[in-house]
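Q: There's a structure below that I have some questions on.
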Amino acid sequence: MAAVADLKPVYLISGSDRPKIRLVVERLRNRFDDGAVEVLRAAEHGGDDAVAACNALGLFGGERRLVIVEGVDTWKAPEAKIVTEYLKSPAPTTVLALLGEEVKKDSALAKACAKSGDVLLYEAPRKRDLPGWVAKQFEQLGTRADRDACVALVEMVGEEPERLRSEIEKLSTWSGGEPVTSEDVRLLASLSAETSVFALSDAWGRRDTAAALGAVESLLERSGTRELPRLVALLAGHVNRVRACQRLAEEGVRPRDAAPKLKVHPFAAEKAFAHAANFAPDELDRAVVRLADLDLALKGNSRLAGELELERAVVEVTAPPR
């Protein structure tokens, strides 16, 4: 059996920068077929189980396989020793990925992994470095964000990297390739449990009219009427993205493969595909036209109050067909 090409037998991935670790693991998983990846939890599976999974043959015998074990810092010395012994002669077509938050660099397991493969440590940035870290996260998603926007995001969301990364992914998706500004952050970023514009798009995608109107009310309380045109533009952009996903789904394209085509993060593509399943093609076409009419109304083509125009349009594009 040939060795797994350009990958090492084992990777020990540890640290407090959970978004970075998640990205590294995601890239590693993408090197393998879905059916060739096995995920174990150290709290439920000991070293014997991990080694057995590594030595198990795949469906077609010599296929490349990836075994991921989460939380290995909970293993006691005997469990870790079983794996270190395995690493002296690892399975040639299996890659073992060991994940943990606080694995000591001088531990026997870390030393064995360093000898047979790689030890990757990713620590969360210090508070003063967070704006720069946020900017790099945007860059990874192909989006530019000025320093004021990065500082504002940290102030609004907090210092926890996982929450920051989640908001960064949302902002990058909504920006549609345009630079993210501090004004975008103030409008779109979540404030603890407060409703954000994403609550509106999610409610629309679920066809939950009551939730959509509730999201509109919360957004108006936060930002007033001055942001209405931008809010409508963001919702229209999401509807157009859902239309594109619907067409890709008809062609047999999977969400994960559609993400690069749409220039969005995989989680955004999966959500858009899910929303697309709730609408007929002609409904999405009508929603685009209705939101374009709403945009004109908010720019002076109607004598009705902007809030009323928005609420009427949201009801029309969200409500299930009679």
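Letters for chains follow the order of the structure tokens (A, B, ...), residue numbers begin at 1 for each chain, and ligand numbers begin at 1 in the order shown.
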Using only C-alpha atoms, which protein or nucleic acid residues come within 8 Å of stretch 160-174 of chain A? Drop anything in the same chain fewer than 5 positions from it, and give the result as a list in words.

A: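 In the requested form, the answer reads Asp17, Arg18, Pro19, Ala124, Val134, Gln137, Phe138, Leu141, Gly142, Thr143, Leu153, Val154, Val180, Asp184, Val185, Leu188, Ala189, Ser190, Phe198, Leu234, Gly237, His238, Val264, His265 and Ala268 of chain A.
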
Q: Where in stretch 42-247 of chain A does DSSP assign helix (DSSP H, G or I), given as a CSV table (one decimal) with N, CA and C atoms, in the first residue's frame?

A:
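See out22.csv below for the written result:
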```csv
chain,number,residue,atom,x,y,z
A,47,GLY,N,-6.9,5.0,23.9
A,47,GLY,CA,-5.8,4.8,22.9
A,47,GLY,C,-6.0,3.5,22.1
A,48,ASP,N,-6.5,2.5,22.7
A,48,ASP,CA,-6.8,1.2,21.9
A,48,ASP,C,-7.8,1.5,20.7
A,49,ASP,N,-8.8,2.2,21.0
A,49,ASP,CA,-9.8,2.5,20.0
A,49,ASP,C,-9.2,3.4,18.9
A,50,ALA,N,-8.4,4.3,19.2
A,50,ALA,CA,-7.7,5.2,18.2
A,50,ALA,C,-6.8,4.4,17.3
A,51,VAL,N,-6.0,3.5,17.9
A,51,VAL,CA,-5.1,2.7,17.2
A,51,VAL,C,-5.9,1.7,16.3
A,52,ALA,N,-6.9,1.1,16.8
A,52,ALA,CA,-7.7,0.2,16.0
A,52,ALA,C,-8.3,0.9,14.8
A,53,ALA,N,-8.8,2.1,15.0
A,53,ALA,CA,-9.4,2.9,13.9
A,53,ALA,C,-8.3,3.2,12.8
A,54,CYS,N,-7.1,3.4,13.3
A,54,CYS,CA,-6.0,3.7,12.3
A,54,CYS,C,-5.7,2.5,11.5
A,55,ASN,N,-5.7,1.3,12.2
A,55,ASN,CA,-5.3,0.1,11.5
A,55,ASN,C,-6.4,-0.6,10.7
A,72,VAL,N,-7.8,15.0,23.3
A,72,VAL,CA,-6.8,14.0,23.7
A,72,VAL,C,-6.0,14.5,25.0
A,73,ASP,N,-6.2,15.8,25.3
A,73,ASP,CA,-5.6,16.2,26.6
A,73,ASP,C,-6.2,15.6,27.8
A,74,THR,N,-7.4,14.9,27.6
A,74,THR,CA,-8.0,14.2,28.7
A,74,THR,C,-7.5,12.8,28.9
A,77,ALA,N,-1.9,8.8,31.1
A,77,ALA,CA,-0.6,8.4,30.5
A,77,ALA,C,-0.7,7.0,29.8
A,78,PRO,N,-1.4,6.0,30.4
A,78,PRO,CA,-1.5,4.7,29.7
A,78,PRO,C,-2.2,4.8,28.3
A,79,GLU,N,-3.2,5.6,28.2
A,79,GLU,CA,-3.9,5.8,26.9
A,79,GLU,C,-2.9,6.4,25.9
A,80,ALA,N,-2.2,7.5,26.3
A,80,ALA,CA,-1.3,8.2,25.4
A,80,ALA,C,-0.2,7.2,25.0
A,81,LYS,N,0.3,6.4,25.9
A,81,LYS,CA,1.4,5.5,25.6
A,81,LYS,C,1.0,4.5,24.5
A,82,ILE,N,-0.2,4.1,24.5
A,82,ILE,CA,-0.7,3.1,23.4
A,82,ILE,C,-0.5,3.8,22.0
A,83,VAL,N,-0.8,5.1,22.0
A,83,VAL,CA,-0.7,5.8,20.7
A,83,VAL,C,0.8,6.0,20.4
A,84,THR,N,1.6,6.4,21.4
A,84,THR,CA,3.0,6.6,21.1
A,84,THR,C,3.7,5.3,20.6
A,85,GLU,N,3.2,4.2,21.0
A,85,GLU,CA,3.8,2.9,20.5
A,85,GLU,C,3.3,2.7,19.1
A,86,TYR,N,2.1,3.0,18.8
A,86,TYR,CA,1.6,2.9,17.4
A,86,TYR,C,2.4,3.7,16.5
A,108,ALA,N,5.1,13.1,26.6
A,108,ALA,CA,5.5,11.9,25.8
A,108,ALA,C,4.7,11.9,24.5
A,109,LEU,N,3.4,12.2,24.5
A,109,LEU,CA,2.6,12.1,23.3
A,109,LEU,C,3.1,13.2,22.3
A,110,ALA,N,3.3,14.4,22.8
A,110,ALA,CA,3.8,15.5,21.9
A,110,ALA,C,5.1,15.2,21.3
A,111,LYS,N,6.0,14.6,22.1
A,111,LYS,CA,7.4,14.2,21.5
A,111,LYS,C,7.3,13.2,20.5
A,112,ALA,N,6.4,12.2,20.7
A,112,ALA,CA,6.2,11.1,19.7
A,112,ALA,C,5.6,11.7,18.4
A,113,CYS,N,4.6,12.6,18.6
A,113,CYS,CA,4.0,13.2,17.4
A,113,CYS,C,5.0,14.0,16.6
A,114,ALA,N,5.9,14.8,17.3
A,114,ALA,CA,6.9,15.6,16.7
A,114,ALA,C,7.9,14.7,15.9
A,115,LYS,N,8.2,13.5,16.4
A,115,LYS,CA,9.1,12.6,15.8
A,115,LYS,C,8.5,12.0,14.5
A,116,SER,N,7.3,11.6,14.6
A,116,SER,CA,6.6,10.9,13.5
A,116,SER,C,5.8,11.8,12.5
A,127,LYS,N,-5.3,40.6,23.9
A,127,LYS,CA,-6.3,41.6,23.7
A,127,LYS,C,-5.8,42.7,22.8
A,128,ARG,N,-4.6,43.2,23.0
A,128,ARG,CA,-4.1,44.3,22.2
A,128,ARG,C,-3.9,43.9,20.7
A,129,ASP,N,-3.8,42.6,20.5
A,129,ASP,CA,-3.5,42.1,19.1
A,129,ASP,C,-4.8,41.7,18.4
A,130,LEU,N,-5.9,41.7,19.1
A,130,LEU,CA,-7.1,41.2,18.5
A,130,LEU,C,-7.6,41.9,17.2
A,131,PRO,N,-7.5,43.3,17.1
A,131,PRO,CA,-7.9,43.9,15.9
A,131,PRO,C,-7.1,43.4,14.7
A,132,GLY,N,-5.8,43.2,14.9
A,132,GLY,CA,-5.0,42.7,13.8
A,132,GLY,C,-5.4,41.3,13.4
A,133,TRP,N,-5.7,40.5,14.5
A,133,TRP,CA,-6.1,39.1,14.2
A,133,TRP,C,-7.4,39.1,13.5
A,134,VAL,N,-8.3,40.0,13.8
A,134,VAL,CA,-9.6,40.1,13.1
A,134,VAL,C,-9.4,40.4,11.7
A,135,ALA,N,-8.5,41.4,11.4
A,135,ALA,CA,-8.2,41.7,10.0
A,135,ALA,C,-7.7,40.5,9.2
A,136,LYS,N,-6.9,39.7,9.8
A,136,LYS,CA,-6.3,38.5,9.1
A,136,LYS,C,-7.4,37.5,8.8
A,137,GLN,N,-8.4,37.4,9.8
A,137,GLN,CA,-9.5,36.5,9.6
A,137,GLN,C,-10.3,36.9,8.4
A,138,PHE,N,-10.6,38.2,8.3
A,138,PHE,CA,-11.3,38.7,7.1
A,138,PHE,C,-10.5,38.4,5.8
A,139,GLU,N,-9.2,38.6,5.8
A,139,GLU,CA,-8.4,38.3,4.7
A,139,GLU,C,-8.5,36.9,4.2
A,140,GLN,N,-8.5,36.0,5.2
A,140,GLN,CA,-8.7,34.6,4.8
A,140,GLN,C,-9.9,34.3,4.1
A,147,ARG,N,-9.2,49.2,10.0
A,147,ARG,CA,-8.9,49.0,11.4
A,147,ARG,C,-10.0,49.4,12.3
A,148,ASP,N,-10.7,50.5,11.9
A,148,ASP,CA,-11.9,51.0,12.7
A,148,ASP,C,-12.9,49.9,12.8
A,149,ALA,N,-13.2,49.2,11.7
A,149,ALA,CA,-14.2,48.1,11.7
A,149,ALA,C,-13.7,46.9,12.6
A,150,CYS,N,-12.4,46.6,12.6
A,150,CYS,CA,-11.9,45.5,13.4
A,150,CYS,C,-12.0,45.9,14.9
A,151,VAL,N,-11.7,47.1,15.2
A,151,VAL,CA,-11.8,47.6,16.6
A,151,VAL,C,-13.2,47.5,17.1
A,152,ALA,N,-14.1,48.0,16.2
A,152,ALA,CA,-15.5,48.1,16.6
A,152,ALA,C,-16.1,46.7,16.8
A,153,LEU,N,-15.6,45.7,16.0
A,153,LEU,CA,-16.1,44.3,16.1
A,153,LEU,C,-15.7,43.8,17.5
A,154,VAL,N,-14.4,44.0,17.9
A,154,VAL,CA,-14.0,43.5,19.2
A,154,VAL,C,-14.8,44.1,20.3
A,155,GLU,N,-15.0,45.4,20.2
A,155,GLU,CA,-15.8,46.1,21.2
A,155,GLU,C,-17.2,45.6,21.3
A,156,MET,N,-17.8,45.3,20.2
A,156,MET,CA,-19.2,44.8,20.2
A,156,MET,C,-19.4,43.3,20.6
A,157,VAL,N,-18.5,42.5,20.1
A,157,VAL,CA,-18.6,41.1,20.3
A,157,VAL,C,-17.9,40.5,21.5
A,161,PRO,N,-12.4,34.3,20.6
A,161,PRO,CA,-12.1,34.1,19.2
A,161,PRO,C,-13.2,33.4,18.4
A,162,GLU,N,-13.8,32.4,19.0
A,162,GLU,CA,-14.8,31.6,18.3
A,162,GLU,C,-16.0,32.5,17.9
A,163,ARG,N,-16.5,33.4,18.9
A,163,ARG,CA,-17.6,34.3,18.6
A,163,ARG,C,-17.2,35.3,17.6
A,164,LEU,N,-15.9,35.8,17.7
A,164,LEU,CA,-15.4,36.8,16.7
A,164,LEU,C,-15.4,36.2,15.3
A,165,ARG,N,-14.9,35.0,15.2
A,165,ARG,CA,-14.8,34.3,13.9
A,165,ARG,C,-16.2,34.1,13.3
A,166,SER,N,-17.2,33.8,14.1
A,166,SER,CA,-18.5,33.6,13.6
A,166,SER,C,-19.1,34.9,13.0
A,167,GLU,N,-18.9,36.0,13.8
A,167,GLU,CA,-19.3,37.3,13.3
A,167,GLU,C,-18.6,37.7,12.0
A,168,ILE,N,-17.3,37.4,12.0
A,168,ILE,CA,-16.5,37.8,10.8
A,168,ILE,C,-17.0,37.0,9.6
A,169,GLU,N,-17.3,35.8,9.7
A,169,GLU,CA,-17.9,35.0,8.6
A,169,GLU,C,-19.2,35.6,8.1
A,170,LYS,N,-20.0,36.0,9.0
A,170,LYS,CA,-21.3,36.6,8.7
A,170,LYS,C,-21.1,37.9,7.9
A,171,LEU,N,-20.2,38.8,8.4
A,171,LEU,CA,-20.0,40.0,7.8
A,171,LEU,C,-19.4,39.9,6.4
A,172,SER,N,-18.5,38.9,6.3
A,172,SER,CA,-17.8,38.6,5.0
A,172,SER,C,-18.8,38.2,4.0
A,173,THR,N,-19.8,37.3,4.4
A,173,THR,CA,-20.8,36.8,3.5
A,173,THR,C,-21.7,38.0,3.1
A,174,TRP,N,-22.1,38.8,4.0
A,174,TRP,CA,-23.0,39.9,3.6
A,174,TRP,C,-22.3,41.0,2.8
A,175,SER,N,-21.0,41.2,2.9
A,175,SER,CA,-20.3,42.3,2.2
A,175,SER,C,-20.3,42.0,0.7
A,182,SER,N,-16.7,50.3,9.7
A,182,SER,CA,-17.2,50.3,11.1
A,182,SER,C,-18.8,50.5,11.1
A,183,GLU,N,-19.3,51.2,10.1
A,183,GLU,CA,-20.8,51.3,10.0
A,183,GLU,C,-21.4,49.9,9.7
A,184,ASP,N,-20.8,49.1,8.9
A,184,ASP,CA,-21.3,47.8,8.6
A,184,ASP,C,-21.3,47.0,9.9
A,185,VAL,N,-20.3,47.1,10.7
A,185,VAL,CA,-20.2,46.3,11.9
A,185,VAL,C,-21.3,46.8,12.9
A,186,ARG,N,-21.5,48.1,13.0
A,186,ARG,CA,-22.5,48.5,14.0
A,186,ARG,C,-23.9,48.1,13.5
A,187,LEU,N,-24.1,48.0,12.3
A,187,LEU,CA,-25.5,47.5,11.8
A,187,LEU,C,-25.6,46.0,11.9
A,188,LEU,N,-24.6,45.2,11.6
A,188,LEU,CA,-24.7,43.8,11.4
A,188,LEU,C,-24.3,42.9,12.5
A,197,VAL,N,-29.3,41.6,11.7
A,197,VAL,CA,-29.9,41.5,10.4
A,197,VAL,C,-30.0,40.0,9.9
A,198,PHE,N,-29.1,39.2,10.5
A,198,PHE,CA,-29.0,37.8,10.1
A,198,PHE,C,-30.3,37.1,10.6
A,199,ALA,N,-30.9,37.6,11.7
A,199,ALA,CA,-32.1,37.0,12.2
A,199,ALA,C,-33.2,37.2,11.2
A,200,LEU,N,-33.2,38.4,10.5
A,200,LEU,CA,-34.2,38.6,9.5
A,200,LEU,C,-34.0,37.7,8.3
A,201,SER,N,-32.8,37.6,7.8
A,201,SER,CA,-32.6,36.7,6.7
A,201,SER,C,-32.9,35.2,7.0
A,202,ASP,N,-32.6,34.8,8.2
A,202,ASP,CA,-32.9,33.4,8.6
A,202,ASP,C,-34.4,33.2,8.7
A,203,ALA,N,-35.1,34.2,9.3
A,203,ALA,CA,-36.6,34.1,9.4
A,203,ALA,C,-37.2,34.1,8.0
A,204,TRP,N,-36.7,34.9,7.1
A,204,TRP,CA,-37.2,34.9,5.7
A,204,TRP,C,-36.9,33.5,5.1
A,205,GLY,N,-35.7,32.9,5.3
A,205,GLY,CA,-35.4,31.6,4.7
A,205,GLY,C,-36.3,30.5,5.2
A,206,ARG,N,-36.7,30.6,6.5
A,206,ARG,CA,-37.6,29.6,7.1
A,206,ARG,C,-39.1,29.9,6.8
A,209,THR,N,-43.0,34.3,9.1
A,209,THR,CA,-43.4,35.7,9.0
A,209,THR,C,-43.3,36.5,10.3
A,210,ALA,N,-43.8,35.8,11.4
A,210,ALA,CA,-43.8,36.5,12.7
A,210,ALA,C,-42.4,36.8,13.2
A,211,ALA,N,-41.5,35.8,13.0
A,211,ALA,CA,-40.1,36.1,13.4
A,211,ALA,C,-39.4,37.2,12.5
A,212,ALA,N,-39.8,37.2,11.2
A,212,ALA,CA,-39.2,38.2,10.3
A,212,ALA,C,-39.6,39.6,10.8
A,213,LEU,N,-40.9,39.8,11.1
A,213,LEU,CA,-41.4,41.1,11.5
A,213,LEU,C,-40.8,41.4,12.9
A,214,GLY,N,-40.6,40.5,13.8
A,214,GLY,CA,-40.0,40.7,15.0
A,214,GLY,C,-38.5,41.2,14.9
A,215,ALA,N,-37.8,40.6,13.9
A,215,ALA,CA,-36.5,41.0,13.6
A,215,ALA,C,-36.4,42.4,13.1
A,216,VAL,N,-37.4,42.8,12.2
A,216,VAL,CA,-37.5,44.1,11.6
A,216,VAL,C,-37.7,45.1,12.8
A,217,GLU,N,-38.5,44.8,13.7
A,217,GLU,CA,-38.8,45.7,14.8
A,217,GLU,C,-37.5,45.9,15.7
A,218,SER,N,-36.8,44.9,15.9
A,218,SER,CA,-35.6,45.0,16.7
A,218,SER,C,-34.5,45.8,16.0
A,219,LEU,N,-34.4,45.6,14.7
A,219,LEU,CA,-33.4,46.3,13.9
A,219,LEU,C,-33.7,47.8,13.9
A,220,LEU,N,-35.0,48.1,13.7
A,220,LEU,CA,-35.4,49.5,13.7
A,220,LEU,C,-35.1,50.2,15.1
A,221,GLU,N,-35.3,49.4,16.1
A,221,GLU,CA,-35.0,50.0,17.5
A,221,GLU,C,-33.5,50.3,17.6
A,222,ARG,N,-32.7,49.4,17.0
A,222,ARG,CA,-31.2,49.6,17.1
A,222,ARG,C,-30.7,50.7,16.3
A,223,SER,N,-31.1,50.7,15.0
A,223,SER,CA,-30.5,51.6,14.1
A,223,SER,C,-31.4,52.7,13.5
A,228,LEU,N,-32.4,51.9,6.6
A,228,LEU,CA,-33.4,51.0,5.9
A,228,LEU,C,-32.9,50.6,4.5
A,229,PRO,N,-32.4,51.6,3.7
A,229,PRO,CA,-32.0,51.2,2.3
A,229,PRO,C,-30.9,50.1,2.4
A,230,ARG,N,-29.9,50.3,3.3
A,230,ARG,CA,-28.8,49.3,3.3
A,230,ARG,C,-29.4,48.0,3.8
A,231,LEU,N,-30.3,48.0,4.8
A,231,LEU,CA,-30.9,46.7,5.3
A,231,LEU,C,-31.6,46.0,4.1
A,232,VAL,N,-32.3,46.7,3.3
A,232,VAL,CA,-33.0,46.1,2.2
A,232,VAL,C,-32.0,45.6,1.2
A,233,ALA,N,-30.9,46.3,0.9
A,233,ALA,CA,-29.9,45.8,0.0
A,233,ALA,C,-29.3,44.5,0.5
A,234,LEU,N,-29.0,44.4,1.8
A,234,LEU,CA,-28.5,43.2,2.3
A,234,LEU,C,-29.4,42.0,2.2
A,235,LEU,N,-30.7,42.2,2.5
A,235,LEU,CA,-31.7,41.2,2.3
A,235,LEU,C,-31.8,40.8,0.9
A,236,ALA,N,-31.8,41.7,0.0
A,236,ALA,CA,-31.9,41.4,-1.5
A,236,ALA,C,-30.7,40.6,-1.9
A,237,GLY,N,-29.5,41.0,-1.4
A,237,GLY,CA,-28.3,40.2,-1.7
A,237,GLY,C,-28.4,38.7,-1.3
A,238,HIS,N,-29.0,38.5,-0.1
A,238,HIS,CA,-29.2,37.1,0.4
A,238,HIS,C,-30.2,36.4,-0.5
A,239,VAL,N,-31.3,37.1,-0.9
A,239,VAL,CA,-32.3,36.4,-1.8
A,239,VAL,C,-31.6,36.0,-3.1
A,240,ASN,N,-30.8,36.9,-3.7
A,240,ASN,CA,-30.1,36.6,-4.9
A,240,ASN,C,-29.1,35.4,-4.7
A,241,ARG,N,-28.5,35.4,-3.6
A,241,ARG,CA,-27.6,34.3,-3.3
A,241,ARG,C,-28.4,32.9,-3.2
A,242,VAL,N,-29.5,33.0,-2.6
A,242,VAL,CA,-30.4,31.8,-2.5
A,242,VAL,C,-30.8,31.4,-3.9
A,243,ARG,N,-31.2,32.3,-4.8
A,243,ARG,CA,-31.5,32.0,-6.2
A,243,ARG,C,-30.4,31.2,-6.9
A,244,ALA,N,-29.2,31.7,-6.7
A,244,ALA,CA,-28.0,31.1,-7.3
A,244,ALA,C,-27.8,29.7,-6.8
A,245,CYS,N,-28.0,29.5,-5.5
A,245,CYS,CA,-27.9,28.2,-4.9
A,245,CYS,C,-28.9,27.2,-5.4
A,246,GLN,N,-30.1,27.7,-5.6
A,246,GLN,CA,-31.2,26.9,-6.1
A,246,GLN,C,-30.9,26.3,-7.5
A,247,ARG,N,-30.3,27.2,-8.3
A,247,ARG,CA,-29.9,26.8,-9.7
A,247,ARG,C,-28.7,25.8,-9.6
```

Q: When distances are computed from only C-alpha atoms, which of A:Leu96, A:Val314, A:Leu121, A:Leu57 shows the smallest separation from A:Lys20?

A: A:Leu121

Q: Would you list the contacts of A:Tyr11 as a VMD selection string, taking every protein, DNA or RNA residue within 6 Å and counting only C-alpha atoms, but skipping same-chain residues closer than 3 positions in sequence?

A: chain A and resid 97 117 to 119

Q: For A:Arg64, which of A:Gly46, A:Gly35, A:Gly176, A:Pro90 is the closest residue, counting only C-alpha atoms?

A: A:Gly35

Q: Rounded to one decimal in Å, what is the spacing between atom CA of A:Asp282 and atom CA of A:Ala249?

A: 15.6 Å

Q: Take atom CA of A:Ala277 and atom CA of A:Arg207 and report the distance between them in Å, one decimal.

A: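 Here the two named atoms are 11.0 Å from each other.
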
Q: Mind pulling up the distance from atom CA of A:Pro320 to atom CA of A:Gly306?

A: 23.7 Å

Q: Could you go through stretch 41-236 of chain A and tell me which residues DSSP, when run on the backbone, assigns to strand (DSSP E or B), listing them as a ChimeraX atom specification?

A: /A:41,58,61,65-70,94-100,118-121,145,180

Q: Near A:Thr94, within 9 Å and counting only C-alpha atoms, which residues show up once chain neighbours fewer than 6 positions away are dropped, as a list in words?

A: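 Everything that qualifies: Ala3, Val4, Pro9, Val10, Cys54, Asn55, Glu63, Arg64, Arg65, Leu66 and Val67 of chain A.
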
Q: For the selection just defined, write its residues with N, CA and C atoms to a file, as an mmCIF file, in the first residue's frame.

A:
```
data_model
loop_
_atom_site.group_PDB
_atom_site.id
_atom_site.type_symbol
_atom_site.label_atom_id
_atom_site.label_comp_id
_atom_site.auth_asym_id
_atom_site.auth_seq_id
_atom_site.Cartn_x
_atom_site.Cartn_y
_atom_site.Cartn_z
ATOM 1 N N ALA A 3 1.989 5.082 0.676
ATOM 2 C CA ALA A 3 1.766 6.020 1.770
ATOM 3 C C ALA A 3 0.864 7.154 1.328
ATOM 4 N N VAL A 4 0.206 7.771 2.288
ATOM 5 C CA VAL A 4 -0.660 8.903 1.980
ATOM 6 C C VAL A 4 0.205 10.036 1.445
ATOM 7 N N PRO A 9 2.072 10.987 8.992
ATOM 8 C CA PRO A 9 1.236 9.976 9.662
ATOM 9 C C PRO A 9 0.411 10.533 10.817
ATOM 10 N N VAL A 10 0.891 11.619 11.467
ATOM 11 C CA VAL A 10 0.172 12.131 12.632
ATOM 12 C C VAL A 10 0.342 13.647 12.729
ATOM 13 N N CYS A 54 -7.116 3.429 13.289
ATOM 14 C CA CYS A 54 -6.040 3.708 12.332
ATOM 15 C C CYS A 54 -5.665 2.467 11.528
ATOM 16 N N ASN A 55 -5.702 1.332 12.171
ATOM 17 C CA ASN A 55 -5.291 0.090 11.503
ATOM 18 C C ASN A 55 -6.411 -0.570 10.711
ATOM 19 N N GLU A 63 -7.556 2.529 0.472
ATOM 20 C CA GLU A 63 -7.952 3.934 0.371
ATOM 21 C C GLU A 63 -7.322 4.779 1.469
ATOM 22 N N ARG A 64 -7.129 6.047 1.166
ATOM 23 C CA ARG A 64 -6.612 6.990 2.159
ATOM 24 C C ARG A 64 -7.667 7.233 3.219
ATOM 25 N N ARG A 65 -7.235 7.267 4.496
ATOM 26 C CA ARG A 65 -8.178 7.447 5.582
ATOM 27 C C ARG A 65 -7.649 8.498 6.563
ATOM 28 N N LEU A 66 -8.593 9.175 7.233
ATOM 29 C CA LEU A 66 -8.250 10.156 8.261
ATOM 30 C C LEU A 66 -8.990 9.795 9.533
ATOM 31 N N VAL A 67 -8.258 9.682 10.631
ATOM 32 C CA VAL A 67 -8.851 9.419 11.945
ATOM 33 C C VAL A 67 -8.592 10.638 12.819
#
```
